[in-house]
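See below for the structure under consideration.
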Amino acid sequence: RAYRQQLAEKLRRRELPLGVRYHVFEDPPGPKIGNGGSTLHVLRCLEDLYGDKWTSFIVLLIHSGGYSQRLPSASALGKIFTALPFGDPVYQMLELKLAMYIDFPSRMKPGILVTCSDDIELYSTGVTDTIMFDKPGFTALAHPSDLTVGTTHGVFVLDPSSFSGKEGLEYASCQHFLHKPDIERMRQRGAVCLRGSSGAHRGSECVYTDSIFYIDHSTAKRLLTFYKQLGTLCCEIDAYGDFLQALGPGATQDYTKNTSNVTEQESRLVEVRQKLYSLLKGTALNVIVLNNSKFYHIGTTQEYLFHFTSDSKLKLELDLLPVAFSIVSDKAESLDPSATVIHSVLEPGCSVGPGSVIEYSRIGAEVSIGKSSIISGSHISLKVDIPSNCFLSSLSVKISNQVKYATVVFSVEDDLKKNVKSLSDVRSLQFFGVSLLQCLGLWGIEVSDQLFSGKSPRLGLWTARIFPVCSTLSESVRMSIQMLNSAQHMSAFELCGFKLLSIEEMLAHKDVGDMLKFRKQIYDEICLQRRKEKADV
């Protein structure tokens with residue numbers, strides 16, 4: 001529902017192309033099926049909606065689900081709606097994706113272009129070079145990357161005789177695809193190349209890593225038939241690891257039994273992978289080598305802060321702004337030049353430290369924000385010093401049919417994906433550099449089975465019921481900041497008497513309409529201020 005509401009508002013404001021059909025498809029109920037399972041499910045949904053006509057469509061499929069545990073400010077309303085510091089009003093990832101791929105539909109035969117919602121691909125090619133998605137099978141973009149980058153991505157083993165590495169764009173033949181290989185395996189399989197283009201990196205080692213890929217319609221139909229025959233999918237399938245590793249003349253089924261990169265091992269995973277391998281074996285993997293290109297990922301707090309606030313290449317290439325569609329007082333000497341403000345209102349007198357990002361927030365006059373912090377969706381009106389490296393994000397929640405508020409606070413370095421297996425191990429979880437067990441004692445919270453939400457034994461910061469529910473947005477911020485101060489100064493701050501939620505529960509109870517209403521109020525205020533400024537000129 002969050003996605004549909006935001007899409008509808010964008011279309012109402014005419015911020016998206018209007019001659020396009022937009023759909024939001026949820027995964028089927030039951031076990032997680034991964035982005036590969038989601039791809040198969042989308043094909044089924046398209047056939048259900050359009051019958052055989054779907055095979056004549058050119059489809060952009062953006063995977064935008066997931067919990068976004070490494071960038072929780074995107075958890076409630078979706079990674080594809082992450083705000084970017086440029087545009088008036090600000091662009092979100094969705095608009096940037098459509099702008100980046102604007103030339104592709106005219107160069108595509110019917111099929112599916114698959115991408116993720118938290119990455120950006122920028123490239124430069126010659127005037128006459130053209131990216132074409134018109135070959136049978138799969139066609140993938142490849143980007144030169146350092147070997148260490150290859151260990152966390154897919155890597156193409158290219159036939160060295162099929163490309164030079166010197167041209168801006170080259171079509172190469174791919175022998176094999178490696179999923180998150182270690183450096184030794186890259187070398188063994190012949191994936192390591194020397195950069196051929198001019199510049200500082202010329203002659204240095206690189207591997208060609210993946211980003212987006214295209215599936216032609218006949219291959220997509222085979223995948224859909226496979227999905228139907230499978231019945232219910234009960235395991236997580238990776239669109240990159242489980243589709244692409246089956247392709248190319250050098251592919252073997254060894255990968256089907258390798259579960260080292262799998263978060264949860266399901267009993268049927270190996271069986272489903274082997275069936276997929278049999279289905280796709282012999283299918284072409286065409287690779288478009290973009291030698292003057294760069295792949296950027298903005299899926300973690302650290303990446304988000306680095307790309308938006310430092311002198312990163314992405315900031316220069318996209319001309320990202322320090323202040324985007326916001327009201328910031330002329331007395332901006334308190335706003336550090338490396339800080340970034342997006343779709344927010346900052347009152348005169350507040351200060352923002354270097355390398356911090358503020359989005360969709362109201363910041364009062366007596367607020368001081370330290371360095372390298374993220375403030376999202378919050379109203380901070382009290383006099384307060386927010387420490388450096390702080391992540392603070394507020395959510396509207398519906399409890400007993402009433403709108404309430406809860407504010408998540410952590411360190412940007414805290415690991416929200418880490419889980420322990422028993423209550424006795426809770427001491428190993430860290431909250432802002434302090435043992436969670438110590439924090440619970442300071443907050444008067446008992447360590448018991450009721451401390452964590454969810455059915456499965458996932459005991460971690462994501463499922464810890466530690467955030468108080470409050471009746472106003474500013475009050476919820478105040479409570480969470482006091483929790484943080486308590487942990488940092490080892491002083492007691494009792495939370496008894498409050499209903500406490502985990503992040504997992506906040507997302508289950510989120511009130512999308514109220515969060516969007518808060519953003520709309522800020523939007524209207526900024527527009528009003530702009531009109532006043534124009535009238536005064």
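All residue names refer to the structure tokens as shown: chains lettered A, B, ... in order, residues numbered from 1 in each chain, ligands numbered from 1 in order.
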Could you give me, as JSON lines, every stretch 190-266 of chain A residue with an atom at most 9 Å from stretch 96-114 of chain A, plus its closest atom pair and distance in Å to one decimal, counting only C-alpha atoms, rows ordered by chain then number?
{"residue": "A:Ser211", "atom": "CA", "partner": "A:Val114", "partner_atom": "CA", "distance": 9.0}
{"residue": "A:Ile212", "atom": "CA", "partner": "A:Val114", "partner_atom": "CA", "distance": 5.7}
{"residue": "A:Phe213", "atom": "CA", "partner": "A:Val114", "partner_atom": "CA", "distance": 5.4}
{"residue": "A:Tyr214", "atom": "CA", "partner": "A:Leu113", "partner_atom": "CA", "distance": 4.3}
{"residue": "A:Ile215", "atom": "CA", "partner": "A:Ile112", "partner_atom": "CA", "distance": 5.2}
{"residue": "A:Asp216", "atom": "CA", "partner": "A:Gly111", "partner_atom": "CA", "distance": 4.3}
{"residue": "A:His217", "atom": "CA", "partner": "A:Gly111", "partner_atom": "CA", "distance": 4.3}
{"residue": "A:Ser218", "atom": "CA", "partner": "A:Gly111", "partner_atom": "CA", "distance": 8.0}
{"residue": "A:Thr219", "atom": "CA", "partner": "A:Gly111", "partner_atom": "CA", "distance": 8.6}
{"residue": "A:Ala220", "atom": "CA", "partner": "A:Gly111", "partner_atom": "CA", "distance": 7.1}
{"residue": "A:Ala239", "atom": "CA", "partner": "A:Val114", "partner_atom": "CA", "distance": 8.7}
A:Asp414 surroundings by only C-alpha atoms, 9 Å radius, close-in-sequence under 6 positions cut, as number ranges by chain: A: 429-433, 461
Pick from A:Val192, A:Leu395, A:Ile298, A:Ile62 nearest to A:Gly377, counting only C-alpha atoms: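 Closest to A:Gly377, using only C-alpha atoms: A:Leu395.
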Residue list (alpha helix (DSSP H), DSSP) for stretch 290-360 of chain A, as an MDAnalysis selection string: chainID A and resid 301:309 313:318
Would you save the residues from that selection as a compact mmCIF listing (two decimals), in the first residue's frame, using all heavy atoms?
# COMPACT_ATOMS: atom_id res chain seq x y z
N THR A 301 23.98 2.59 5.76
CA THR A 301 24.15 3.93 6.35
C THR A 301 25.50 4.53 5.96
O THR A 301 25.60 5.72 5.66
CB THR A 301 24.05 3.87 7.89
OG1 THR A 301 24.97 2.90 8.39
CG2 THR A 301 22.64 3.51 8.33
N GLN A 302 26.55 3.70 5.93
CA GLN A 302 27.89 4.21 5.62
C GLN A 302 27.96 4.66 4.16
O GLN A 302 28.54 5.72 3.85
CB GLN A 302 28.94 3.12 5.89
CG GLN A 302 28.95 2.58 7.32
CD GLN A 302 29.41 3.61 8.34
OE1 GLN A 302 29.92 4.66 7.98
NE2 GLN A 302 29.21 3.33 9.61
N GLU A 303 27.41 3.87 3.24
CA GLU A 303 27.41 4.25 1.82
C GLU A 303 26.59 5.51 1.60
O GLU A 303 26.99 6.41 0.85
CB GLU A 303 26.84 3.11 0.97
CG GLU A 303 27.75 1.89 0.90
CD GLU A 303 27.06 0.67 0.30
OE1 GLU A 303 25.81 0.61 0.29
OE2 GLU A 303 27.78 -0.24 -0.15
N TYR A 304 25.45 5.58 2.25
CA TYR A 304 24.54 6.72 2.14
C TYR A 304 25.25 8.01 2.57
O TYR A 304 25.25 9.01 1.85
CB TYR A 304 23.34 6.42 3.02
CG TYR A 304 22.24 7.45 3.11
CD1 TYR A 304 21.23 7.51 2.15
CD2 TYR A 304 22.18 8.35 4.17
CE1 TYR A 304 20.19 8.42 2.25
CE2 TYR A 304 21.15 9.27 4.28
CZ TYR A 304 20.16 9.31 3.33
OH TYR A 304 19.14 10.22 3.44
N LEU A 305 25.89 7.97 3.73
CA LEU A 305 26.60 9.15 4.23
C LEU A 305 27.78 9.52 3.33
O LEU A 305 28.00 10.69 3.01
CB LEU A 305 27.09 8.91 5.66
CG LEU A 305 26.02 8.87 6.74
CD1 LEU A 305 26.59 8.34 8.06
CD2 LEU A 305 25.41 10.26 6.96
N PHE A 306 28.54 8.51 2.90
CA PHE A 306 29.72 8.78 2.09
C PHE A 306 29.34 9.44 0.76
O PHE A 306 29.90 10.48 0.38
CB PHE A 306 30.49 7.48 1.82
CG PHE A 306 31.63 7.65 0.85
CD1 PHE A 306 32.79 8.30 1.23
CD2 PHE A 306 31.52 7.19 -0.46
CE1 PHE A 306 33.84 8.48 0.32
CE2 PHE A 306 32.55 7.36 -1.37
CZ PHE A 306 33.72 8.01 -0.98
N HIS A 307 28.37 8.86 0.06
CA HIS A 307 28.05 9.37 -1.28
C HIS A 307 27.35 10.72 -1.23
O HIS A 307 27.49 11.53 -2.16
CB HIS A 307 27.20 8.36 -2.04
CG HIS A 307 27.97 7.15 -2.48
ND1 HIS A 307 29.14 7.24 -3.20
CD2 HIS A 307 27.75 5.83 -2.27
CE1 HIS A 307 29.60 6.01 -3.44
NE2 HIS A 307 28.78 5.15 -2.88
N PHE A 308 26.59 11.00 -0.17
CA PHE A 308 25.83 12.24 -0.12
C PHE A 308 26.62 13.41 0.50
O PHE A 308 26.28 14.56 0.26
CB PHE A 308 24.53 12.06 0.67
CG PHE A 308 23.47 11.29 -0.08
CD1 PHE A 308 23.72 10.73 -1.32
CD2 PHE A 308 22.20 11.13 0.47
CE1 PHE A 308 22.74 10.02 -2.01
CE2 PHE A 308 21.22 10.41 -0.21
CZ PHE A 308 21.49 9.86 -1.45
N THR A 309 27.63 13.12 1.31
CA THR A 309 28.26 14.21 2.05
C THR A 309 29.75 14.39 1.76
O THR A 309 30.28 15.48 1.94
CB THR A 309 28.10 14.02 3.58
OG1 THR A 309 28.83 12.86 3.99
CG2 THR A 309 26.64 13.86 3.96
N LYS A 313 32.78 10.63 -6.04
CA LYS A 313 32.61 10.78 -7.49
C LYS A 313 31.13 10.88 -7.84
O LYS A 313 30.74 11.63 -8.73
CB LYS A 313 33.24 9.58 -8.21
CG LYS A 313 34.76 9.60 -8.22
CD LYS A 313 35.31 8.44 -9.03
CE LYS A 313 36.83 8.47 -9.05
NZ LYS A 313 37.38 7.31 -9.80
N LEU A 314 30.30 10.14 -7.11
CA LEU A 314 28.86 10.19 -7.38
C LEU A 314 28.32 11.59 -7.16
O LEU A 314 27.52 12.10 -7.94
CB LEU A 314 28.12 9.19 -6.49
CG LEU A 314 26.60 9.17 -6.67
CD1 LEU A 314 26.22 8.63 -8.04
CD2 LEU A 314 25.91 8.36 -5.59
N LYS A 315 28.77 12.23 -6.08
CA LYS A 315 28.31 13.58 -5.77
C LYS A 315 28.67 14.56 -6.90
O LYS A 315 27.86 15.41 -7.29
CB LYS A 315 28.93 14.04 -4.45
CG LYS A 315 28.37 15.35 -3.91
CD LYS A 315 28.91 15.65 -2.53
CE LYS A 315 28.31 16.92 -1.97
NZ LYS A 315 28.82 17.22 -0.62
N LEU A 316 29.87 14.38 -7.44
CA LEU A 316 30.30 15.25 -8.53
C LEU A 316 29.56 14.93 -9.82
O LEU A 316 29.13 15.83 -10.54
CB LEU A 316 31.82 15.08 -8.75
CG LEU A 316 32.71 15.56 -7.59
CD1 LEU A 316 34.15 15.12 -7.81
CD2 LEU A 316 32.64 17.07 -7.44
N GLU A 317 29.37 13.64 -10.11
CA GLU A 317 28.75 13.25 -11.38
C GLU A 317 27.27 13.61 -11.45
O GLU A 317 26.76 13.97 -12.51
CB GLU A 317 28.95 11.75 -11.61
CG GLU A 317 30.39 11.40 -11.97
CD GLU A 317 30.63 9.91 -12.11
OE1 GLU A 317 29.90 9.12 -11.48
OE2 GLU A 317 31.54 9.53 -12.86
N LEU A 318 26.56 13.50 -10.33
CA LEU A 318 25.13 13.83 -10.31
C LEU A 318 24.87 15.26 -9.85
O LEU A 318 23.72 15.69 -9.80
CB LEU A 318 24.38 12.86 -9.40
CG LEU A 318 24.21 11.42 -9.89
CD1 LEU A 318 23.40 10.61 -8.89
CD2 LEU A 318 23.55 11.36 -11.26
One-decimal distance in Å that lies between atom CA of A:Cys470 and atom CA of A:Val434: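 Pair atom CA of A:Val434 / atom CA of A:Cys470 returns 24.8 Å.
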Residues near stretch 485-499 of chain A, cut-off 7 Å, only C-alpha atoms, skip fewer than 2 positions along chain, as a list of chain:residue names: A:Val434, A:Cys439, A:Leu442, A:Trp443, A:Gly444, A:Pro468, A:Val469, A:Ile481, A:Gln482, A:Met483, A:Leu501
Neighbour list for A:Ser326 as a ChimeraX atom specification, cut-off 6 Å, only C-alpha atoms, skip fewer than 6 positions in-chain: /A:343-345
Best match for closeness to A:Gly37 among A:Leu269, A:Leu382, A:Ile374, A:Leu285, counting only C-alpha atoms: A:Leu269
Shell of 7 Å around stretch 69-80 of chain A, only C-alpha atoms, local chain residues under 5 positions omitted, as an MDAnalysis selection string: chainID A and resid 2:3 64 93:94 117:118 299:301 376 393 416:417 507
Interatomic distance, atom CA of A:Arg13 to atom CA of A:Val512 (Å, one decimal):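 Atom CA of A:Val512 lies 18.6 Å from atom CA of A:Arg13.
Excluding A:Pro144 and any residue on its chain fewer than 3 positions from it, the residues at most 8 Å away by only C-alpha atoms are A:Arg195, A:Cys206, A:Val207, A:Tyr208, A:Thr209, A:Leu290, A:Asn291, A:Ser293, A:Lys294.
From atom CA of A:Glu366 back to atom CA of A:Ser329, the distance works out to 13.5 Å.
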Nearest residue to A:Thr232 from the set A:Leu436, A:Leu141, A:Leu49, A:Leu40 (distances using only C-alpha atoms): A:Leu40
